[in-house]
Number of protein chains: 4
Amino acid sequence: MRLSIDCRLRYDVRTPTSFILAIQAADGAEQDVNDETILLPPGITADFIVDAFAGNRFIRFLAQPGPLDIGYVAEVERRSVVDQRDFIGGEVVNDLPLTVLPYLNPSRYCPSDRLTAFARQTFGARPQGLGQAQAITDWIAASIAYEAGTSSGATSALDTLVDRVGVCRDFAHLGVALCRALDMPARFVSCYALDLRPPDFHAVFQVYLGGAWRTFDPTRRAPLAGLVPIGFGRDAADVAFAATFGDARFETKSIAIRRLETSSAPGN
Amino acid sequence: MRLSIDCRLRYDVRTPTSFILAIQAADGAEQDVNDETILLPPGITADFIVDAFAGNRFIRFLAQPGPLDIGYVAEVERRSVVDQRDFIGGEVVNDLPLTVLPYLNPSRYCPSDRLTAFARQTFGARPQGLGQAQAITDWIAASIAYEAGTSSGATSALDTLVDRVGVCRDFAHLGVALCRALDMPARFVSCYALDLRPPDFHAVFQVYLGGAWRTFDPTRRAPLAGLVPIGFGRDAADVAFAATFGDARFETKSIAIRRLETSSAPGN
Amino acid sequence: MRLSIDCRLRYDVRTPTSFILAIQAADGAEQDVNDETILLPPGITADFIVDAFAGNRFIRFLAQPGPLDIGYVAEVERRSVVDQRDFIGGEVVNDLPLTVLPYLNPSRYCPSDRLTAFARQTFGARPQGLGQAQAITDWIAASIAYEAGTSSGATSALDTLVDRVGVCRDFAHLGVALCRALDMPARFVSCYALDLRPPDFHAVFQVYLGGAWRTFDPTRRAPLAGLVPIGFGRDAADVAFAATFGDARFETKSIAIRRLETSSAPGN
Amino acid sequence: MRLSIDCRLRYDVRTPTSFILAIQAADGAEQDVNDETILLPPGITADFIVDAFAGNRFIRFLAQPGPLDIGYVAEVERRSVVDQRDFIGGEVVNDLPLTVLPYLNPSRYCPSDRLTAFARQTFGARPQGLGQAQAITDWIAASIAYEAGTSSGATSALDTLVDRVGVCRDFAHLGVALCRALDMPARFVSCYALDLRPPDFHAVFQVYLGGAWRTFDPTRRAPLAGLVPIGFGRDAADVAFAATFGDARFETKSIAIRRLETSSAPGN
């Protein structure tokens, strides 16, 4: 599937401010990024950096006071999604590759250390691996209400478990935390999403099952096949769309994802 | 300075359990590890793995039910510690190397996102960089009581800030969180420590200042020159001395650090 | 001082809903309430109830679905405020009257049990009683930023201590919690306030000193002499302006406090 | 049923300390207290005070430095417990007596304001009143593990809901919080309990149903008929067995409850 992405952000910069943006589509195993353009005002020079650990792509620059408009436009070719029935998972920790071990640890928004008893009690009887990951996803979808404005940057998976309400970021954090509590490596994925209403950034989570990262979306607000991952992290703290160091006020954003005709892309 | 390390751990393993140990002295910039021996029971085969991101060394193995004795014996040569007056720091985020950026993010035990107002109010007037890091260390030393048994694996830097009591791990977490809240990359360091009473694992923190990681110990319970780092992490979740996946009960530990005569080591 | 109060509330009631309102000025030691009128729609019969413990006045009724307008109009005569220098306080708990003992206990928004170490460290050297209460008030005024919209109904004094931001309710909760942590009985006071900008309900706190309840306002947003207490509680949970049991949405409120000419009130 | 109670407490008093003890059996509707003796060291004069709101009985005295032994010995006649099937409950808030309204509010250890969504989701379909109170009790008994030493004086019902472990005090707090979240007045009851193993103070909770307070014990560790209530509160903060203001270290306690032969008590 070919998708076009158009993302625009506007800030009011009050003092010289370092920006670190994570808005570029991930380039790698599941998708190829073509014709990518980053729009920055004249006079701004950016570093384009790739995190050696997770492969995340960041744009870093220093902005001077004044209005700031940023844009990202790209075409992405999504590969077909693997049928989830093909992987059962349930690896023991001793057999996991080194690179996934950090995703077993508790993190800022996913304090999995406190969820062990709840997770075992609620999901422990399900088959290890895919069975538990799917049960967790279904349980979140059934138990947590999706409601805009109900959480903040301080909301953790514990809060969401208690309050039973949140947005996509909170749903993903709870999924990550519950999987880790059952000794399954899990990570947070920021993404663009086709057919998300209203259009916005989105967040889902991945679990390491059967030798690869598999995607789950407990919000059920957009088709998995139309997701375009941006960054992969322990939780949202690692892949904030924009981290600012200085005084810059976010003003507006506009995001549009469209499906492109395959016929316009010879060879696909 | 040459130091000998002798560390023994005993577990009662109830079910087949994966262990991931982080008890080996770090081998790198600040110290060289010589004559290292890991003692495992017959029949156990371990992976010796090095985390590509932080260079941490882990020992991973699967243990069967029964008593389990683990040992680590090594000689370490510490290089001389740099005079802290030589680095001022205060780098802006835009000039930081990519590898230190993750240490700006909030983490499980260091929710720095909630400490910004407190940190700016209390330390914001101090000179950026070393001045603030030193002020934070001094403030923790003066404000937080060191008392064994007052915190648990669920205690975060917010708890320690409120409760004003903790152990070395909590002191380090609070230092890390406050530095990050002021946009300074900071990390947790698990270590061995000469002259620590009673002998035990220890924890301190490092701040990225003037192009390198500098060490601070707000507990002031052991000389900086006698610290032997083991692992570097976002917080204690990344460098637990022993993470177990299964059912294994920790029983006892015994740790001994001694200073070796330089004369016995020709060439040093 | 004579004051007129005019308070209007509007709700959209969705299901039959029990209301418990605490909007009437307290009638007692510090003020007399005259010419009080409660405006309720035709067909609603209210209970006017007085809490035997704290003397709080509540209006309770059952509202049927539809728009609901409530009004409260009154004239209040405030007695002169005692000069705070006249009471030193510092009573030991053994000499306190029985009725103030419950105000030593931690409560929902004032978990004073966790603030003992901080309070002793920060205020313990000040003279017991008025000295400490005044120091706490000054410290809150200097340390906590007043900013609308920064807290919610779930915010406790611990959050405010960490986040260093809040509104009048949060300032009062922190004052209450810190005083209790030093073994001083303290309570939350909801009130009307002359010259508060913008006009709204207000909240302050009282400490039991020298045999009586003394008032402190760490927000410093309105003169103490123009405060008109409504209710006294362990914290805001006891004296919510409106508690609703059912489904009723708060829509708007309008509050006006005016000072009346003494000459227009013969006999005063 | 006639029961004898023997309770002994020992403290090491370091500085002059005010004690407020709540260890006397409640004297009233459900039981009569006979032959009560309070044992205090020579030279200590106590106030015996009764809280006008809840009828709780407190012993208050000032102790000087030194060892302190306190004893309470009494005979209590329990009236027969009402069959729970006789009360359905489900009163609407508008019909509740004034004295029970405070038990609808969130409190220190029972932050019911945050449990509304969970309680409605989990128990909302059960019949209002007894049906919900019984379902909550059964759910706690099935979901929370009883384990000594797993909680502290800072543990709230939110913590217990997340961690799924606690002691009798935590079980009672969770029951109280969940009932209040469904608009049922609920209170914490400290008590003595026949056949509790090991002998100790105990805690249960009561819900206001069908015009009276009904008792529930989600720990199921002692028969309801053998409970001897001591105090009734919003939560444990109101009825601590011993609150001390000064520096006094608790050392040991010894509690014995025995059933007395009815034949030895002519007239019963």
# chains A, B, ... in the order shown; residues from 1 in each chain; ligands from 1
call {"tool": "closest_atom_pairs", "arguments": {"of": "chain A", "to": "chain D", "cutoff": "8 Å", "atoms": "only C-alpha atoms", "output": "tab-separated table"}}
result
residue	atom	partner	partner_atom	distance
A:Arg114	CA	D:Asp163	CA	6.1
A:Leu115	CA	D:Asp163	CA	6.5
A:Thr116	CA	D:Asp163	CA	7.9
A:Ala117	CA	D:Arg164	CA	6.1
A:Phe118	CA	D:Arg164	CA	6.3
A:Gln121	CA	D:Ser143	CA	7.8
A:Ser143	CA	D:Gln121	CA	7.8
A:Leu158	CA	D:Val162	CA	7.2
A:Leu161	CA	D:Val162	CA	7.7
A:Val162	CA	D:Leu115	CA	6.7
A:Asp163	CA	D:Arg114	CA	6.1
A:Arg164	CA	D:Ala117	CA	6.1
call {"tool": "write_last_selection", "arguments": {"atoms": "N, CA, C and O atoms", "output": "PDB file, in the first residue's frame"}}
result
ATOM      1  N   ARG A 114       4.942  -2.901  38.870  1.00  0.00           N
ATOM      2  CA  ARG A 114       3.812  -2.904  39.802  1.00  0.00           C
ATOM      3  C   ARG A 114       2.601  -3.653  39.258  1.00  0.00           C
ATOM      4  O   ARG A 114       1.587  -3.770  39.941  1.00  0.00           O
ATOM      5  N   LEU A 115       2.680  -4.155  38.039  1.00  0.00           N
ATOM      6  CA  LEU A 115       1.515  -4.789  37.430  1.00  0.00           C
ATOM      7  C   LEU A 115       1.609  -6.304  37.352  1.00  0.00           C
ATOM      8  O   LEU A 115       0.764  -6.952  36.730  1.00  0.00           O
ATOM      9  N   THR A 116       2.631  -6.881  37.952  1.00  0.00           N
ATOM     10  CA  THR A 116       2.831  -8.320  37.820  1.00  0.00           C
ATOM     11  C   THR A 116       1.652  -9.117  38.362  1.00  0.00           C
ATOM     12  O   THR A 116       1.138 -10.027  37.694  1.00  0.00           O
ATOM     13  N   ALA A 117       1.212  -8.786  39.567  1.00  0.00           N
ATOM     14  CA  ALA A 117       0.124  -9.574  40.167  1.00  0.00           C
ATOM     15  C   ALA A 117      -1.157  -9.433  39.353  1.00  0.00           C
ATOM     16  O   ALA A 117      -1.824 -10.433  39.045  1.00  0.00           O
ATOM     17  N   PHE A 118      -1.493  -8.216  38.965  1.00  0.00           N
ATOM     18  CA  PHE A 118      -2.706  -8.013  38.169  1.00  0.00           C
ATOM     19  C   PHE A 118      -2.625  -8.766  36.839  1.00  0.00           C
ATOM     20  O   PHE A 118      -3.568  -9.427  36.414  1.00  0.00           O
ATOM     21  N   GLN A 121      -2.876 -12.535  37.294  1.00  0.00           N
ATOM     22  CA  GLN A 121      -4.224 -12.918  37.713  1.00  0.00           C
ATOM     23  C   GLN A 121      -5.204 -12.852  36.542  1.00  0.00           C
ATOM     24  O   GLN A 121      -6.064 -13.714  36.386  1.00  0.00           O
ATOM     25  N   SER A 143     -12.200  -2.473  28.278  1.00  0.00           N
ATOM     26  CA  SER A 143     -12.239  -1.937  29.649  1.00  0.00           C
ATOM     27  C   SER A 143     -11.926  -0.453  29.752  1.00  0.00           C
ATOM     28  O   SER A 143     -12.298   0.189  30.734  1.00  0.00           O
ATOM     29  N   LEU A 158      -0.419   3.023  35.238  1.00  0.00           N
ATOM     30  CA  LEU A 158      -1.128   2.780  36.502  1.00  0.00           C
ATOM     31  C   LEU A 158      -2.372   3.653  36.601  1.00  0.00           C
ATOM     32  O   LEU A 158      -3.436   3.202  37.021  1.00  0.00           O
ATOM     33  N   LEU A 161      -5.005   2.296  34.270  1.00  0.00           N
ATOM     34  CA  LEU A 161      -5.608   1.075  34.808  1.00  0.00           C
ATOM     35  C   LEU A 161      -6.649   1.419  35.871  1.00  0.00           C
ATOM     36  O   LEU A 161      -7.712   0.802  35.944  1.00  0.00           O
ATOM     37  N   VAL A 162      -6.370   2.411  36.693  1.00  0.00           N
ATOM     38  CA  VAL A 162      -7.308   2.797  37.754  1.00  0.00           C
ATOM     39  C   VAL A 162      -8.478   3.603  37.177  1.00  0.00           C
ATOM     40  O   VAL A 162      -9.640   3.299  37.432  1.00  0.00           O
ATOM     41  N   ASP A 163      -8.151   4.618  36.375  1.00  0.00           N
ATOM     42  CA  ASP A 163      -9.177   5.567  35.924  1.00  0.00           C
ATOM     43  C   ASP A 163     -10.026   5.022  34.784  1.00  0.00           C
ATOM     44  O   ASP A 163     -11.102   5.540  34.511  1.00  0.00           O
ATOM     45  N   ARG A 164      -9.537   4.024  34.084  1.00  0.00           N
ATOM     46  CA  ARG A 164     -10.285   3.360  32.998  1.00  0.00           C
ATOM     47  C   ARG A 164     -10.660   4.300  31.858  1.00  0.00           C
ATOM     48  O   ARG A 164     -11.706   4.133  31.218  1.00  0.00           O
TER      49      ARG A 164
END
call {"tool": "residues_around", "arguments": {"residues": "Asp235 in chain A", "least_positions_apart": "3", "cutoff": "7 Å", "atoms": "only C-alpha atoms", "output": "PyMOL selection string"}}
result
chain A and resi 107+109-110+173+187-188+238
call {"tool": "closest_residue", "arguments": {"among": "A:Arg120, A:Arg169, A:Arg60, A:Lys253", "to": "Asp200 in chain A", "atoms": "only C-alpha atoms"}}
result
A:Lys253
call {"tool": "select_by_dssp", "arguments": {"residues": "range 2-119 of chain D", "states": "strand (DSSP E or B)", "output": "ChimeraX atom specification"}}
result
/D:2-13,17-21,28,31-39,47-50,57-63,66-78,107,110
call {"tool": "write_last_selection", "arguments": {"atoms": "C-alpha atoms", "output": "mmCIF file, in the first residue's frame"}}
result
data_model
loop_
_atom_site.group_PDB
_atom_site.id
_atom_site.type_symbol
_atom_site.label_atom_id
_atom_site.label_comp_id
_atom_site.auth_asym_id
_atom_site.auth_seq_id
_atom_site.Cartn_x
_atom_site.Cartn_y
_atom_site.Cartn_z
ATOM 1 C CA ARG D 2 -20.020 -13.140 75.536
ATOM 2 C CA LEU D 3 -16.360 -12.419 74.836
ATOM 3 C CA SER D 4 -13.396 -11.502 76.979
ATOM 4 C CA ILE D 5 -10.770 -9.145 75.587
ATOM 5 C CA ASP D 6 -7.242 -8.724 76.844
ATOM 6 C CA CYS D 7 -4.976 -6.263 75.018
ATOM 7 C CA ARG D 8 -1.468 -5.209 76.091
ATOM 8 C CA LEU D 9 0.776 -2.655 74.417
ATOM 9 C CA ARG D 10 4.351 -1.728 75.249
ATOM 10 C CA TYR D 11 6.161 1.425 74.146
ATOM 11 C CA ASP D 12 9.579 2.922 74.621
ATOM 12 C CA VAL D 13 8.893 6.617 75.206
ATOM 13 C CA THR D 17 4.551 12.211 74.189
ATOM 14 C CA SER D 18 0.788 12.670 73.883
ATOM 15 C CA PHE D 19 -0.991 9.376 73.251
ATOM 16 C CA ILE D 20 -4.472 8.999 71.804
ATOM 17 C CA LEU D 21 -5.553 5.361 72.017
ATOM 18 C CA GLY D 28 -23.700 0.826 71.868
ATOM 19 C CA GLN D 31 -22.784 -4.756 71.897
ATOM 20 C CA ASP D 32 -22.558 -3.889 75.600
ATOM 21 C CA VAL D 33 -19.238 -3.473 77.329
ATOM 22 C CA ASN D 34 -18.982 -4.744 80.903
ATOM 23 C CA ASP D 35 -16.265 -4.849 83.527
ATOM 24 C CA GLU D 36 -13.896 -2.702 81.536
ATOM 25 C CA THR D 37 -10.479 -1.946 82.972
ATOM 26 C CA ILE D 38 -7.773 0.282 81.562
ATOM 27 C CA LEU D 39 -4.326 -0.344 82.944
ATOM 28 C CA ASP D 47 -8.855 11.740 79.621
ATOM 29 C CA PHE D 48 -11.600 9.405 78.488
ATOM 30 C CA ILE D 49 -13.226 11.134 75.597
ATOM 31 C CA VAL D 50 -16.064 10.248 73.250
ATOM 32 C CA ARG D 57 -14.000 6.296 72.515
ATOM 33 C CA PHE D 58 -10.479 7.581 72.972
ATOM 34 C CA ILE D 59 -8.006 7.472 75.854
ATOM 35 C CA ARG D 60 -5.637 10.426 75.903
ATOM 36 C CA PHE D 61 -2.665 10.991 78.182
ATOM 37 C CA LEU D 62 0.798 12.468 78.301
ATOM 38 C CA ALA D 63 3.623 9.993 78.904
ATOM 39 C CA GLY D 66 10.731 5.553 79.883
ATOM 40 C CA PRO D 67 9.128 2.189 79.241
ATOM 41 C CA LEU D 68 5.337 2.318 79.032
ATOM 42 C CA ASP D 69 2.925 -0.600 79.491
ATOM 43 C CA ILE D 70 -0.744 -0.178 78.672
ATOM 44 C CA GLY D 71 -3.508 -2.721 79.130
ATOM 45 C CA TYR D 72 -7.172 -3.061 78.298
ATOM 46 C CA VAL D 73 -9.337 -5.829 79.734
ATOM 47 C CA ALA D 74 -13.084 -6.118 79.197
ATOM 48 C CA GLU D 75 -16.068 -8.372 78.827
ATOM 49 C CA VAL D 76 -18.352 -7.693 75.906
ATOM 50 C CA GLU D 77 -21.823 -9.016 75.179
ATOM 51 C CA ARG D 78 -22.463 -9.166 71.421
ATOM 52 C CA SER D 107 -10.800 10.146 52.312
ATOM 53 C CA CYS D 110 -10.173 5.662 50.228
#
call {"tool": "closest_residue", "arguments": {"among": "B:Arg214, B:Arg221, B:Arg259, B:Arg249", "to": "Pro185 in chain B", "atoms": "only C-alpha atoms"}}
result
B:Arg214
call {"tool": "select_by_dssp", "arguments": {"residues": "range 93-261 of chain C", "states": "helix (DSSP H, G or I)", "output": "ChimeraX atom specification"}}
result
/C:93-95,98-104,112-114,116-123,130-143,157-163,168-181,224-226,236-238
call {"tool": "residues_around", "arguments": {"residues": "Val204 in chain D", "least_positions_apart": "2", "cutoff": "10 Å", "atoms": "only C-alpha atoms", "output": "short mmCIF file (atom, residue, chain, number, x, y, z; two decimals) with N, CA and C atoms, in the first residue's frame"}}
result
data_model
loop_
_atom_site.label_atom_id
_atom_site.label_comp_id
_atom_site.auth_asym_id
_atom_site.auth_seq_id
_atom_site.Cartn_x
_atom_site.Cartn_y
_atom_site.Cartn_z
N CYS D 168 -5.58 -6.73 56.28
CA CYS D 168 -7.00 -6.47 56.56
C CYS D 168 -7.36 -5.00 56.38
N ARG D 169 -6.47 -4.14 56.83
CA ARG D 169 -6.70 -2.70 56.68
C ARG D 169 -6.86 -2.30 55.21
N ASP D 170 -6.04 -2.87 54.35
CA ASP D 170 -6.11 -2.55 52.92
C ASP D 170 -7.37 -3.12 52.28
N PHE D 171 -7.75 -4.32 52.69
CA PHE D 171 -8.99 -4.93 52.19
C PHE D 171 -10.19 -4.05 52.54
N ALA D 172 -10.20 -3.58 53.80
CA ALA D 172 -11.32 -2.74 54.23
C ALA D 172 -11.33 -1.42 53.48
N HIS D 173 -10.17 -0.81 53.30
CA HIS D 173 -10.10 0.45 52.55
C HIS D 173 -10.62 0.28 51.13
N GLY D 175 -12.76 -1.93 50.06
CA GLY D 175 -14.21 -2.09 50.13
C GLY D 175 -14.92 -0.76 50.33
N VAL D 176 -14.43 0.04 51.25
CA VAL D 176 -15.01 1.36 51.50
C VAL D 176 -14.98 2.21 50.23
N ARG D 187 -17.94 2.92 55.73
CA ARG D 187 -16.98 3.34 56.73
C ARG D 187 -16.08 2.19 57.16
N PHE D 188 -14.96 2.56 57.72
CA PHE D 188 -13.92 1.64 58.17
C PHE D 188 -14.19 1.29 59.63
N VAL D 189 -14.02 0.03 59.99
CA VAL D 189 -14.25 -0.41 61.37
C VAL D 189 -13.01 -1.13 61.88
N SER D 190 -12.40 -0.57 62.92
CA SER D 190 -11.33 -1.30 63.60
C SER D 190 -12.00 -2.19 64.64
N CYS D 191 -11.43 -3.37 64.90
CA CYS D 191 -12.12 -4.29 65.80
C CYS D 191 -11.17 -5.33 66.40
N HIS D 202 -8.02 -6.20 64.10
CA HIS D 202 -8.55 -6.56 62.80
C HIS D 202 -9.27 -5.33 62.23
N GLN D 206 -18.16 -1.28 56.84
CA GLN D 206 -19.61 -1.28 56.93
C GLN D 206 -20.18 -0.40 55.83
N THR D 215 -22.12 -5.02 58.13
CA THR D 215 -20.69 -5.33 58.19
C THR D 215 -20.27 -6.33 57.11
N PHE D 216 -19.11 -6.08 56.50
CA PHE D 216 -18.54 -6.98 55.49
C PHE D 216 -17.05 -7.19 55.79
N ASP D 217 -16.58 -8.41 55.62
CA ASP D 217 -15.17 -8.70 55.85
C ASP D 217 -14.59 -9.43 54.66
N PRO D 218 -14.00 -8.69 53.72
CA PRO D 218 -13.47 -9.35 52.51
C PRO D 218 -12.26 -10.23 52.78
N THR D 219 -11.69 -10.15 53.97
CA THR D 219 -10.55 -11.05 54.25
C THR D 219 -11.03 -12.46 54.58
N ARG D 220 -12.25 -12.58 55.08
CA ARG D 220 -12.81 -13.88 55.48
C ARG D 220 -11.89 -14.64 56.42
N LEU D 224 -18.00 -13.21 61.29
CA LEU D 224 -18.61 -11.91 61.55
C LEU D 224 -19.21 -11.86 62.96
N LEU D 227 -16.88 -10.57 65.80
CA LEU D 227 -16.21 -9.26 65.71
C LEU D 227 -16.65 -8.36 66.86
N PRO D 229 -16.41 -4.48 67.45
CA PRO D 229 -15.97 -3.18 66.92
C PRO D 229 -15.33 -2.31 68.00
N PHE D 232 -15.20 3.56 64.47
CA PHE D 232 -15.77 3.70 63.14
C PHE D 232 -15.22 4.99 62.53
#
call {"tool": "atom_distance", "arguments": {"atom1": "CA of Asp195 in chain C", "atom2": "CA of Val228 in chain C"}}
result
11.7 Å
call {"tool": "residues_around", "arguments": {"residues": "Ala22 in chain D", "least_positions_apart": "3", "cutoff": "8 Å", "atoms": "only C-alpha atoms", "output": "PyMOL selection string"}}
result
chain D and resi 56-59+230-231+239-242
call {"tool": "closest_residue", "arguments": {"among": "D:Leu174, D:Ile44, D:Cys179, D:Met1", "to": "Gln64 in chain D", "atoms": "only C-alpha atoms"}}
result
D:Ile44
call {"tool": "residues_around", "arguments": {"residues": "Gly166 in chain B", "least_positions_apart": "4", "cutoff": "6 Å", "atoms": "only C-alpha atoms", "output": "PDB file with all heavy atoms, in the first residue's frame"}}
result
ATOM      1  N   TYR B 146      19.619   9.423  54.964  1.00  0.00           N
ATOM      2  CA  TYR B 146      19.967   8.069  54.523  1.00  0.00           C
ATOM      3  C   TYR B 146      19.519   7.098  55.603  1.00  0.00           C
ATOM      4  O   TYR B 146      19.993   7.156  56.728  1.00  0.00           O
ATOM      5  CB  TYR B 146      21.471   7.960  54.292  1.00  0.00           C
ATOM      6  CG  TYR B 146      21.852   6.654  53.632  1.00  0.00           C
ATOM      7  CD1 TYR B 146      22.101   6.601  52.269  1.00  0.00           C
ATOM      8  CD2 TYR B 146      21.939   5.474  54.368  1.00  0.00           C
ATOM      9  CE1 TYR B 146      22.429   5.407  51.651  1.00  0.00           C
ATOM     10  CE2 TYR B 146      22.251   4.282  53.759  1.00  0.00           C
ATOM     11  CZ  TYR B 146      22.507   4.242  52.396  1.00  0.00           C
ATOM     12  OH  TYR B 146      22.810   3.060  51.787  1.00  0.00           O
ATOM     13  N   GLU B 147      18.586   6.193  55.244  1.00  0.00           N
ATOM     14  CA  GLU B 147      18.084   5.260  56.236  1.00  0.00           C
ATOM     15  C   GLU B 147      17.711   3.946  55.552  1.00  0.00           C
ATOM     16  O   GLU B 147      16.815   3.926  54.698  1.00  0.00           O
ATOM     17  CB  GLU B 147      16.866   5.868  56.938  1.00  0.00           C
ATOM     18  CG  GLU B 147      16.519   5.214  58.254  1.00  0.00           C
ATOM     19  CD  GLU B 147      15.417   5.992  58.984  1.00  0.00           C
ATOM     20  OE1 GLU B 147      15.355   7.236  58.851  1.00  0.00           O
ATOM     21  OE2 GLU B 147      14.624   5.346  59.671  1.00  0.00           O
ATOM     22  N   THR B 150      13.923   2.116  54.104  1.00  0.00           N
ATOM     23  CA  THR B 150      12.847   3.109  53.996  1.00  0.00           C
ATOM     24  C   THR B 150      12.232   3.181  52.604  1.00  0.00           C
ATOM     25  O   THR B 150      11.261   3.892  52.407  1.00  0.00           O
ATOM     26  CB  THR B 150      13.366   4.518  54.347  1.00  0.00           C
ATOM     27  OG1 THR B 150      14.542   4.766  53.564  1.00  0.00           O
ATOM     28  CG2 THR B 150      13.702   4.601  55.811  1.00  0.00           C
ATOM     29  N   SER B 151      12.829   2.488  51.638  1.00  0.00           N
ATOM     30  CA  SER B 151      12.271   2.550  50.293  1.00  0.00           C
ATOM     31  C   SER B 151      12.158   1.142  49.741  1.00  0.00           C
ATOM     32  O   SER B 151      12.645   0.186  50.333  1.00  0.00           O
ATOM     33  CB  SER B 151      13.140   3.423  49.390  1.00  0.00           C
ATOM     34  OG  SER B 151      14.433   2.866  49.271  1.00  0.00           O
ATOM     35  N   ASP B 170      17.988   5.629  45.809  1.00  0.00           N
ATOM     36  CA  ASP B 170      17.048   6.748  45.792  1.00  0.00           C
ATOM     37  C   ASP B 170      17.760   8.091  45.662  1.00  0.00           C
ATOM     38  O   ASP B 170      17.291   8.996  44.967  1.00  0.00           O
ATOM     39  CB  ASP B 170      16.219   6.738  47.083  1.00  0.00           C
ATOM     40  CG  ASP B 170      15.548   5.395  47.324  1.00  0.00           C
ATOM     41  OD1 ASP B 170      14.808   4.938  46.443  1.00  0.00           O
ATOM     42  OD2 ASP B 170      15.809   4.779  48.375  1.00  0.00           O
TER      43      ASP B 170
END
call {"tool": "atom_distance", "arguments": {"atom1": "CA of Ala25 in chain A", "atom2": "CA of Ala225 in chain A"}}
result
14.8 Å
